[in-house]
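Q: If it helps, the file is called data29.tsv and holds TSV, C-alpha atoms:
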```
chain	number	residue	atom	x	y	z
A	1	MET	CA	130.43	96.55	78.11
A	2	ASN	CA	130.80	93.72	80.53
A	3	TRP	CA	127.33	92.78	81.73
A	4	TYR	CA	128.62	90.17	84.17
A	5	LYS	CA	130.04	93.04	86.17
A	6	TYR	CA	126.49	93.93	87.25
A	7	ALA	CA	125.95	90.51	88.83
A	8	SER	CA	127.91	91.91	91.77
A	9	PRO	CA	125.77	93.74	94.35
A	10	ALA	CA	128.40	96.50	94.65
A	11	ALA	CA	128.25	97.24	90.92
A	12	PHE	CA	124.49	96.91	90.64
A	13	TYR	CA	123.69	99.17	93.59
A	14	PRO	CA	124.38	102.53	91.86
A	15	LEU	CA	122.95	101.26	88.55
A	16	ALA	CA	119.69	100.31	90.31
A	17	GLY	CA	119.56	103.78	91.83
A	18	ARG	CA	119.84	105.40	88.40
A	19	MET	CA	117.18	103.07	86.92
A	20	ILE	CA	114.45	103.76	89.51
A	21	PRO	CA	113.17	107.14	88.15
A	22	TRP	CA	112.95	105.70	84.62
A	23	PHE	CA	110.34	103.24	85.89
A	24	ALA	CA	108.73	105.21	88.72
A	25	ILE	CA	107.83	108.34	86.73
A	26	PRO	CA	106.19	106.54	83.77
A	27	ALA	CA	104.41	104.31	86.31
A	28	ALA	CA	102.87	107.34	88.06
A	29	LEU	CA	101.80	108.88	84.72
A	30	LEU	CA	100.27	105.60	83.53
A	31	PHE	CA	98.37	105.17	86.82
A	32	ILE	CA	96.79	108.59	86.25
A	33	ALA	CA	96.11	107.89	82.55
A	34	GLY	CA	94.60	104.47	83.29
A	35	PHE	CA	92.38	105.91	86.00
A	36	TYR	CA	91.24	108.69	83.67
A	37	ILE	CA	90.40	106.28	80.83
A	38	GLY	CA	88.72	103.85	83.19
A	39	PHE	CA	86.48	106.41	84.89
A	40	PHE	CA	86.01	109.23	82.38
A	41	ARG	CA	86.24	107.51	79.00
A	42	ALA	CA	84.93	103.97	79.48
A	43	PRO	CA	81.12	103.88	79.53
A	44	THR	CA	78.94	102.27	82.20
A	45	ASP	CA	78.49	98.56	81.52
A	46	PHE	CA	74.96	97.60	80.49
A	47	GLN	CA	74.97	94.46	82.66
A	48	GLN	CA	77.05	95.32	85.73
A	49	GLY	CA	76.62	99.09	85.91
A	50	ASP	CA	79.63	100.89	87.34
A	51	ALA	CA	80.69	97.96	89.53
A	52	TYR	CA	82.59	96.54	86.56
A	53	ARG	CA	85.15	99.39	86.88
A	54	ILE	CA	86.74	97.36	89.68
A	55	MET	CA	88.03	95.15	86.87
A	56	PHE	CA	90.54	97.81	85.77
A	57	ILE	CA	92.54	97.30	88.94
A	58	HIS	CA	91.47	93.76	89.87
A	59	VAL	CA	92.71	92.08	86.68
A	60	PRO	CA	96.13	93.84	86.56
A	61	ALA	CA	96.67	93.08	90.29
A	62	ALA	CA	95.83	89.40	89.74
A	63	TRP	CA	98.21	89.21	86.77
A	64	MET	CA	100.98	90.91	88.72
A	65	GLY	CA	100.51	88.46	91.60
A	66	MET	CA	101.08	85.53	89.23
A	67	LEU	CA	103.81	87.09	87.07
A	68	LEU	CA	105.81	88.33	90.03
A	69	TYR	CA	105.63	84.88	91.58
A	70	VAL	CA	107.16	83.31	88.45
A	71	LEU	CA	109.80	86.04	88.35
A	72	MET	CA	110.56	85.57	92.06
A	73	ALA	CA	110.95	81.79	91.58
A	74	PHE	CA	113.17	82.43	88.54
A	75	TYR	CA	115.53	84.73	90.46
A	76	ALA	CA	115.51	82.44	93.50
A	77	GLY	CA	116.39	79.51	91.20
A	78	ILE	CA	119.22	81.44	89.50
A	79	GLY	CA	120.55	82.49	92.90
A	80	TRP	CA	120.49	78.92	94.11
A	81	ALA	CA	121.90	77.25	90.96
A	82	PHE	CA	124.71	79.73	90.29
A	83	ASN	CA	125.30	80.89	93.84
A	84	ALA	CA	124.45	84.43	92.72
A	85	ARG	CA	123.74	86.59	95.77
A	86	LEU	CA	122.21	89.43	93.79
A	87	ALA	CA	119.59	87.16	92.16
A	88	SER	CA	118.55	85.79	95.57
A	89	MET	CA	118.25	89.31	96.93
A	90	MET	CA	116.09	90.23	93.93
A	91	ALA	CA	113.80	87.29	94.71
A	92	SER	CA	113.40	88.53	98.30
A	93	SER	CA	112.71	92.03	97.08
A	94	ILE	CA	110.02	90.90	94.61
A	95	SER	CA	108.24	88.71	97.17
A	96	THR	CA	106.78	91.64	99.15
A	97	THR	CA	105.38	93.39	96.09
A	98	GLY	CA	104.01	90.11	94.72
A	99	ALA	CA	102.27	89.36	98.00
A	100	LEU	CA	100.75	92.85	98.08
A	101	PHE	CA	99.39	92.57	94.52
A	102	THR	CA	97.95	89.13	95.31
A	103	PHE	CA	96.27	90.62	98.38
A	104	ILE	CA	94.91	93.51	96.26
A	105	SER	CA	93.50	91.03	93.72
A	106	LEU	CA	91.75	89.03	96.47
A	107	ALA	CA	90.40	92.12	98.25
A	108	THR	CA	89.17	93.88	95.10
A	109	GLY	CA	87.73	90.56	93.89
A	110	SER	CA	85.82	90.31	97.14
A	111	LEU	CA	84.55	93.88	96.75
A	112	TRP	CA	83.45	93.01	93.22
A	113	GLY	CA	81.96	89.65	94.20
A	114	LYS	CA	79.61	91.10	96.81
A	115	PRO	CA	77.51	93.25	94.42
A	116	THR	CA	77.72	90.89	91.42
A	117	TRP	CA	77.62	87.39	92.96
A	118	GLY	CA	76.01	88.35	96.25
A	119	THR	CA	78.90	87.00	98.34
A	120	TRP	CA	82.30	88.23	99.50
A	121	TRP	CA	83.92	84.84	99.12
A	122	VAL	CA	83.31	81.36	97.71
A	123	TRP	CA	85.62	78.34	97.84
A	124	ASP	CA	85.83	78.38	94.10
A	125	ALA	CA	88.87	76.99	92.20
A	126	ARG	CA	90.08	80.41	91.03
A	127	LEU	CA	89.71	82.08	94.42
A	128	THR	CA	91.13	79.18	96.39
A	129	SER	CA	94.21	78.80	94.16
A	130	THR	CA	94.83	82.58	94.41
A	131	LEU	CA	94.58	82.35	98.20
A	132	ILE	CA	97.18	79.54	98.05
A	133	LEU	CA	99.38	81.90	96.01
A	134	LEU	CA	99.16	84.47	98.82
A	135	PHE	CA	100.09	81.77	101.35
A	136	LEU	CA	103.08	80.75	99.19
A	137	TYR	CA	104.32	84.34	99.23
A	138	ILE	CA	103.78	84.59	103.00
A	139	GLY	CA	105.55	81.23	103.42
A	140	PHE	CA	108.52	82.44	101.37
A	141	ILE	CA	108.77	85.71	103.34
A	142	SER	CA	108.43	84.03	106.75
A	143	LEU	CA	110.88	81.26	105.86
A	144	GLN	CA	113.50	83.82	104.87
A	145	ALA	CA	112.83	85.87	107.99
A	146	ALA	CA	113.14	82.78	110.20
A	147	ILE	CA	116.62	81.78	108.98
A	148	ASP	CA	119.49	83.97	110.14
A	149	GLU	CA	122.15	82.93	107.72
A	150	PRO	CA	121.36	84.58	104.33
A	151	LYS	CA	122.74	81.74	102.22
A	152	ARG	CA	120.59	79.11	103.91
A	153	ALA	CA	117.58	81.43	103.87
A	154	ASP	CA	118.01	81.93	100.12
A	155	ARG	CA	118.27	78.20	99.49
A	156	ALA	CA	115.23	77.30	101.57
A	157	GLY	CA	113.24	80.12	99.94
A	158	ALA	CA	114.28	78.93	96.48
A	159	VAL	CA	113.00	75.40	97.12
A	160	LEU	CA	109.64	76.72	98.32
A	161	ALA	CA	109.36	79.25	95.47
A	162	ILE	CA	110.17	76.69	92.76
A	163	VAL	CA	107.84	74.01	94.12
A	164	GLY	CA	105.07	76.62	94.38
A	165	VAL	CA	105.33	77.56	90.69
A	166	VAL	CA	102.97	74.66	89.83
A	167	ASN	CA	100.21	76.73	91.42
A	168	VAL	CA	100.48	79.49	88.78
A	169	PRO	CA	99.17	77.48	85.78
A	170	ILE	CA	96.53	76.03	88.13
A	171	ILE	CA	95.28	79.57	88.84
A	172	TYR	CA	95.41	80.53	85.18
A	173	PHE	CA	93.54	77.50	83.87
A	174	SER	CA	91.25	77.04	86.89
A	175	VAL	CA	88.37	78.75	85.12
A	176	GLN	CA	88.60	76.21	82.30
A	177	TRP	CA	89.38	73.07	84.29
A	178	TRP	CA	86.71	73.46	86.93
A	179	ASN	CA	83.20	74.70	86.85
A	180	THR	CA	83.67	77.96	88.70
A	181	LEU	CA	81.68	81.00	89.65
A	182	HIS	CA	84.54	83.20	88.52
A	183	GLN	CA	84.16	84.43	84.97
A	184	GLY	CA	86.49	83.24	82.21
A	185	ALA	CA	89.54	85.08	80.96
A	186	THR	CA	88.90	88.63	79.81
A	187	ILE	CA	91.96	88.67	77.62
A	188	ARG	CA	93.02	85.48	75.93
A	189	ILE	CA	96.52	84.89	74.69
A	190	LEU	CA	95.05	83.51	71.47
A	191	GLY	CA	91.85	84.98	70.16
A	192	LYS	CA	89.94	88.18	70.64
A	193	PRO	CA	89.38	89.83	74.01
A	194	THR	CA	85.85	89.68	75.33
A	195	ILE	CA	85.53	93.35	76.29
A	196	ALA	CA	85.14	96.68	74.50
A	197	PRO	CA	88.40	98.27	73.24
A	198	ILE	CA	88.17	101.31	75.55
A	199	MET	CA	87.77	99.06	78.60
A	200	LEU	CA	90.69	96.97	77.41
A	201	THR	CA	92.77	100.15	77.00
A	202	ALA	CA	92.05	101.21	80.60
A	203	MET	CA	92.99	97.79	81.91
A	204	LEU	CA	96.18	97.46	79.86
A	205	THR	CA	97.27	100.99	80.83
A	206	LEU	CA	96.92	100.10	84.51
A	207	LEU	CA	98.67	96.77	83.88
A	208	ALA	CA	101.64	98.65	82.37
A	209	ALA	CA	101.57	101.05	85.34
A	210	CYS	CA	101.63	98.11	87.78
A	211	TRP	CA	104.55	96.51	85.90
A	212	LEU	CA	106.65	99.68	85.93
A	213	TYR	CA	105.74	100.33	89.55
A	214	SER	CA	106.77	96.77	90.52
A	215	ILE	CA	110.14	97.19	88.82
A	216	ALA	CA	110.78	100.56	90.50
A	217	ILE	CA	109.77	99.46	94.01
A	218	SER	CA	111.63	96.13	93.70
A	219	LEU	CA	114.82	97.95	92.70
A	220	ALA	CA	114.41	100.41	95.59
A	221	ARG	CA	113.87	97.58	98.07
A	222	LEU	CA	116.76	95.63	96.51
A	223	ARG	CA	119.07	98.54	97.32
A	224	CYS	CA	117.98	98.36	100.96
A	225	ILE	CA	118.53	94.58	101.03
A	226	ILE	CA	122.00	95.03	99.49
A	227	MET	CA	122.87	97.61	102.16
A	228	GLU	CA	121.64	95.31	104.92
A	229	ARG	CA	123.36	92.18	103.71
A	230	GLU	CA	126.61	93.66	102.50
A	231	GLN	CA	127.03	95.83	105.56
A	232	ARG	CA	130.40	94.39	106.34
A	233	ALA	CA	131.75	94.87	102.83
A	234	ASP	CA	134.13	97.78	102.32
A	235	TRP	CA	132.27	99.50	99.52
A	236	ILE	CA	129.19	100.09	101.71
A	237	ASN	CA	131.36	101.86	104.23
A	238	GLU	CA	132.76	104.15	101.59
A	239	GLY	CA	129.61	106.23	101.58
A	240	ALA	CA	127.20	104.16	99.49
A	241	GLY	CA	124.40	105.87	101.36
A	242	ALA	CA	125.04	109.00	99.35
A	243	GLY	CA	124.60	107.19	96.00
B	1	MET	CA	79.49	112.12	83.89
B	2	ASN	CA	79.17	114.88	86.48
B	3	TRP	CA	80.92	114.83	89.86
B	4	SER	CA	78.01	113.57	91.94
B	5	GLU	CA	77.47	110.72	89.48
B	6	PHE	CA	81.19	110.08	89.58
B	7	PHE	CA	81.18	109.66	93.36
B	8	TYR	CA	77.89	107.76	93.39
B	9	MET	CA	79.12	105.12	90.89
B	10	GLY	CA	75.58	103.98	90.08
B	11	GLY	CA	75.12	102.87	93.69
B	12	TYR	CA	78.34	100.85	93.76
B	13	ALA	CA	80.39	103.61	95.39
B	14	PHE	CA	81.40	101.51	98.42
B	15	TYR	CA	82.69	98.65	96.27
B	16	VAL	CA	84.34	100.71	93.54
B	17	TRP	CA	85.92	103.36	95.79
B	18	GLY	CA	86.71	100.71	98.37
B	19	SER	CA	88.72	98.81	95.74
B	20	TYR	CA	90.60	101.84	94.45
B	21	GLY	CA	91.05	103.33	97.92
B	22	LEU	CA	92.51	100.10	99.28
B	23	THR	CA	94.87	99.75	96.31
B	24	PHE	CA	95.99	103.36	96.72
B	25	VAL	CA	96.61	102.96	100.47
B	26	ILE	CA	98.61	99.75	99.96
B	27	ILE	CA	100.82	101.27	97.25
B	28	VAL	CA	101.46	104.47	99.25
B	29	ALA	CA	102.24	102.38	102.36
B	30	GLU	CA	104.68	100.22	100.37
B	31	VAL	CA	106.48	103.27	98.97
B	32	LEU	CA	106.69	104.92	102.40
B	33	SER	CA	107.95	101.73	104.02
B	34	VAL	CA	110.79	101.40	101.48
B	35	ILE	CA	111.68	105.10	101.86
B	36	GLY	CA	111.70	104.69	105.66
B	37	ARG	CA	113.83	101.55	105.47
B	38	ARG	CA	116.37	103.35	103.31
B	39	LYS	CA	116.42	106.41	105.58
B	40	ARG	CA	117.13	104.22	108.62
B	41	LEU	CA	119.93	102.43	106.77
B	42	VAL	CA	121.51	105.69	105.64
B	43	ALA	CA	121.14	107.26	109.10
B	44	ARG	CA	122.73	104.25	110.75
B	45	GLY	CA	125.86	105.05	108.80
B	46	PRO	CA	128.80	102.80	108.09
B	47	ARG	CA	128.99	99.64	110.13
B	48	SER	CA	132.07	98.35	111.83
B	49	LEU	CA	133.96	95.72	109.89
B	50	GLU	CA	133.95	93.34	112.83
B	51	PRO	CA	132.28	90.04	112.06
B	52	THR	CA	128.84	89.77	113.65
B	53	GLU	CA	128.47	85.98	113.57
B	54	LYS	CA	128.25	84.11	116.81
```
Since I need it in another form, could you write the structure as structure tokens?
A:
Amino acid sequence: MNWYKYASPAAFYPLAGRMIPWFAIPAALLFIAGFYIGFFRAPTDFQQGDAYRIMFIHVPAAWMGMLLYVLMAFYAGIGWAFNARLASMMASSISTTGALFTFISLATGSLWGKPTWGTWWVWDARLTSTLILLFLYIGFISLQAAIDEPKRADRAGAVLAIVGVVNVPIIYFSVQWWNTLHQGATIRILGKPTIAPIMLTAMLTLLAACWLYSIAISLARLRCIIMEREQRADWINEGAGAG
Amino acid sequence: MNWSEFFYMGGYAFYVWGSYGLTFVIIVAEVLSVIGRRKRLVARGPRSLEPTEK
């Protein structure tokens, strides 16, 4: 099988269409399972009461915001370095979902901060660097929208995306580097998690759901972007809409 | 946990259901927007092969 074949938008378009249900259906099932575990299996926290249940969606959303940014910068970089249109289109597709997850993490964090810290917002290192992440996504999306010629838009977006990657480790380590109000990492890469196994299960289930959802929606949006950008190519006119 | 306790969330209902409600609305809106974008593209049909650059 020649994998390079799929670097062409025309070849990837039908493949992406076939892949979507394989990610979308498990994502929907895992959202339901994660919600069930988080609300009907995990007990009320002895310190925070039921407010802590916001964590099950807040933490996965925050992770997705960071991971999707790195993935977006990676695809933008590949598109720029190898002049690969499909990779640049993938970066554009991911940017919307990444921005939405970052917004969800900020909004749910605010809704969690009010009852636990007594404030909706503080200019704390973790919160501020996450807000910068949202601005980087918005900058990437607006920059691409402002430039008519796709090739130049991809290149400008790639520069912004790659420069902005430095912000991701800053967000991750902000709770260690600065004295912040935000609590430390719930799950550490090395070492034991700091929460009960059932709570961890709920959170990881929703994290998996968010991952699969992000893949499905990014592929679906990628197909739209391919149709828009390749509109003058012959294969689109041969009834790709039916595929 | 019974249903009234479930909805009451130990007094944190606004914050907890606000978080999940907002997430749900955003995800549904994203899915609908992509479906709508695709429908418009399909409905528009094949484009002419004439170059569109200025």
Q: Choose the residue, out of A:Ala10, A:Leu111, A:Thr96, A:Phe40, that has the smallest atom-to-atom separation from Ala13 in chain B; count all atoms listed in the file.
A: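 For Ala13 in chain B, the nearest of the given residues is A:Leu111.
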Q: Using all atoms listed in the file, find which residues of chain B lie within 6 Å of chain A and jot them down as a PDB file with C-alpha atoms, in the frame of the given file.
A:
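Once written, result_39.pdb looks like this:
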```
ATOM      1  CA  MET B   9      79.120 105.120  90.890  1.00  0.00           C
ATOM      2  CA  GLY B  10      75.580 103.980  90.080  1.00  0.00           C
ATOM      3  CA  TYR B  12      78.340 100.850  93.760  1.00  0.00           C
ATOM      4  CA  TYR B  15      82.690  98.650  96.270  1.00  0.00           C
ATOM      5  CA  VAL B  16      84.340 100.710  93.540  1.00  0.00           C
ATOM      6  CA  SER B  19      88.720  98.810  95.740  1.00  0.00           C
ATOM      7  CA  VAL B  34     110.790 101.400 101.480  1.00  0.00           C
ATOM      8  CA  ARG B  38     116.370 103.350 103.310  1.00  0.00           C
ATOM      9  CA  VAL B  42     121.510 105.690 105.640  1.00  0.00           C
ATOM     10  CA  PRO B  46     128.800 102.800 108.090  1.00  0.00           C
ATOM     11  CA  LEU B  49     133.960  95.720 109.890  1.00  0.00           C
TER      12      LEU B  49
END
```
Q: Which protein, DNA or RNA residues are at most 12 Å from (130.1, 86.4, 85.4) in the file's coordinates when you count all atoms listed in the file, listed as a ChimeraX atom specification?
A: /A:2-8,82-84,86
Q: Would you output that residue set with C-alpha atoms, as a PDB file, in the coordinates of the input?
A:
```
ATOM      1  CA  ASN A   2     130.800  93.720  80.530  1.00  0.00           C
ATOM      2  CA  TRP A   3     127.330  92.780  81.730  1.00  0.00           C
ATOM      3  CA  TYR A   4     128.620  90.170  84.170  1.00  0.00           C
ATOM      4  CA  LYS A   5     130.040  93.040  86.170  1.00  0.00           C
ATOM      5  CA  TYR A   6     126.490  93.930  87.250  1.00  0.00           C
ATOM      6  CA  ALA A   7     125.950  90.510  88.830  1.00  0.00           C
ATOM      7  CA  SER A   8     127.910  91.910  91.770  1.00  0.00           C
ATOM      8  CA  PHE A  82     124.710  79.730  90.290  1.00  0.00           C
ATOM      9  CA  ASN A  83     125.300  80.890  93.840  1.00  0.00           C
ATOM     10  CA  ALA A  84     124.450  84.430  92.720  1.00  0.00           C
ATOM     11  CA  LEU A  86     122.210  89.430  93.790  1.00  0.00           C
TER      12      LEU A  86
END
```
Q: Measuring atom to atom with all atoms listed in the file, identify which of A:Met72, A:Ala153, A:Ile226, A:Leu204 is nearest to Ile37 in chain A.
A: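 With all atoms listed in the file as the atom set, the closest residue is A:Leu204.
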Q: When you draw a straight line from CA of Gly139 in chain A to CA of Gly157 in chain A, how long is it in Å?
A: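 These two atoms are separated by 8.5 Å.
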Q: Select, counting all atoms listed in the file, all protein, DNA and RNA residues no farther than 10 Å from (101.3, 98.9, 80.1) in file coordinates, and express the selection as a PDB file with C-alpha atoms, in the coordinates of the input.
A:
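Now in out-v7.pdb:
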```pdb
ATOM      1  CA  PRO A  26     106.190 106.540  83.770  1.00  0.00           C
ATOM      2  CA  ALA A  27     104.410 104.310  86.310  1.00  0.00           C
ATOM      3  CA  LEU A  30     100.270 105.600  83.530  1.00  0.00           C
ATOM      4  CA  PHE A  31      98.370 105.170  86.820  1.00  0.00           C
ATOM      5  CA  GLY A  34      94.600 104.470  83.290  1.00  0.00           C
ATOM      6  CA  PRO A  60      96.130  93.840  86.560  1.00  0.00           C
ATOM      7  CA  THR A 201      92.770 100.150  77.000  1.00  0.00           C
ATOM      8  CA  ALA A 202      92.050 101.210  80.600  1.00  0.00           C
ATOM      9  CA  MET A 203      92.990  97.790  81.910  1.00  0.00           C
ATOM     10  CA  LEU A 204      96.180  97.460  79.860  1.00  0.00           C
ATOM     11  CA  THR A 205      97.270 100.990  80.830  1.00  0.00           C
ATOM     12  CA  LEU A 206      96.920 100.100  84.510  1.00  0.00           C
ATOM     13  CA  LEU A 207      98.670  96.770  83.880  1.00  0.00           C
ATOM     14  CA  ALA A 208     101.640  98.650  82.370  1.00  0.00           C
ATOM     15  CA  ALA A 209     101.570 101.050  85.340  1.00  0.00           C
ATOM     16  CA  CYS A 210     101.630  98.110  87.780  1.00  0.00           C
ATOM     17  CA  TRP A 211     104.550  96.510  85.900  1.00  0.00           C
ATOM     18  CA  LEU A 212     106.650  99.680  85.930  1.00  0.00           C
TER      19      LEU A 212
END
```
Q: Rank nothing, just name the residue among A:Val163, A:Gly77, A:Ser214, A:Trp121 nearest to Ala99 in chain A, using all atoms listed in the file.
A: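 Ranking A:Val163, A:Gly77, A:Ser214, A:Trp121 by distance to Ala99 in chain A, first place goes to A:Ser214.
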Q: Measure the distance from CA of Ile141 in chain A to CA of Leu68 in chain A in Å and round it to one decimal.
A: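 Result for CA of Ile141 in chain A versus CA of Leu68 in chain A: 13.9 Å, one decimal.
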Q: One decimal, Å: what's the distance from CA of Leu127 in chain A over to CA of Leu71 in chain A, could you say?
A: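 Interatomic distance, CA of Leu127 in chain A to CA of Leu71 in chain A: 21.4 Å.
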Q: If we count all atoms listed in the file, what is near Phe135 in chain A at a cut-off of 12 Å, once residues fewer than 2 positions away on the same chain are taken out, given as a PDB file with C-alpha atoms, keeping the file's coordinate frame?
A:
```
ATOM      1  CA  GLY A  65     100.510  88.460  91.600  1.00  0.00           C
ATOM      2  CA  TYR A  69     105.630  84.880  91.580  1.00  0.00           C
ATOM      3  CA  SER A  95     108.240  88.710  97.170  1.00  0.00           C
ATOM      4  CA  GLY A  98     104.010  90.110  94.720  1.00  0.00           C
ATOM      5  CA  ALA A  99     102.270  89.360  98.000  1.00  0.00           C
ATOM      6  CA  LEU A 100     100.750  92.850  98.080  1.00  0.00           C
ATOM      7  CA  THR A 102      97.950  89.130  95.310  1.00  0.00           C
ATOM      8  CA  PHE A 103      96.270  90.620  98.380  1.00  0.00           C
ATOM      9  CA  THR A 128      91.130  79.180  96.390  1.00  0.00           C
ATOM     10  CA  SER A 129      94.210  78.800  94.160  1.00  0.00           C
ATOM     11  CA  THR A 130      94.830  82.580  94.410  1.00  0.00           C
ATOM     12  CA  LEU A 131      94.580  82.350  98.200  1.00  0.00           C
ATOM     13  CA  ILE A 132      97.180  79.540  98.050  1.00  0.00           C
ATOM     14  CA  LEU A 133      99.380  81.900  96.010  1.00  0.00           C
ATOM     15  CA  TYR A 137     104.320  84.340  99.230  1.00  0.00           C
ATOM     16  CA  ILE A 138     103.780  84.590 103.000  1.00  0.00           C
ATOM     17  CA  GLY A 139     105.550  81.230 103.420  1.00  0.00           C
ATOM     18  CA  PHE A 140     108.520  82.440 101.370  1.00  0.00           C
ATOM     19  CA  ILE A 141     108.770  85.710 103.340  1.00  0.00           C
ATOM     20  CA  SER A 142     108.430  84.030 106.750  1.00  0.00           C
ATOM     21  CA  LEU A 143     110.880  81.260 105.860  1.00  0.00           C
ATOM     22  CA  LEU A 160     109.640  76.720  98.320  1.00  0.00           C
ATOM     23  CA  ALA A 161     109.360  79.250  95.470  1.00  0.00           C
ATOM     24  CA  GLY A 164     105.070  76.620  94.380  1.00  0.00           C
ATOM     25  CA  ASN A 167     100.210  76.730  91.420  1.00  0.00           C
TER      26      ASN A 167
END
```
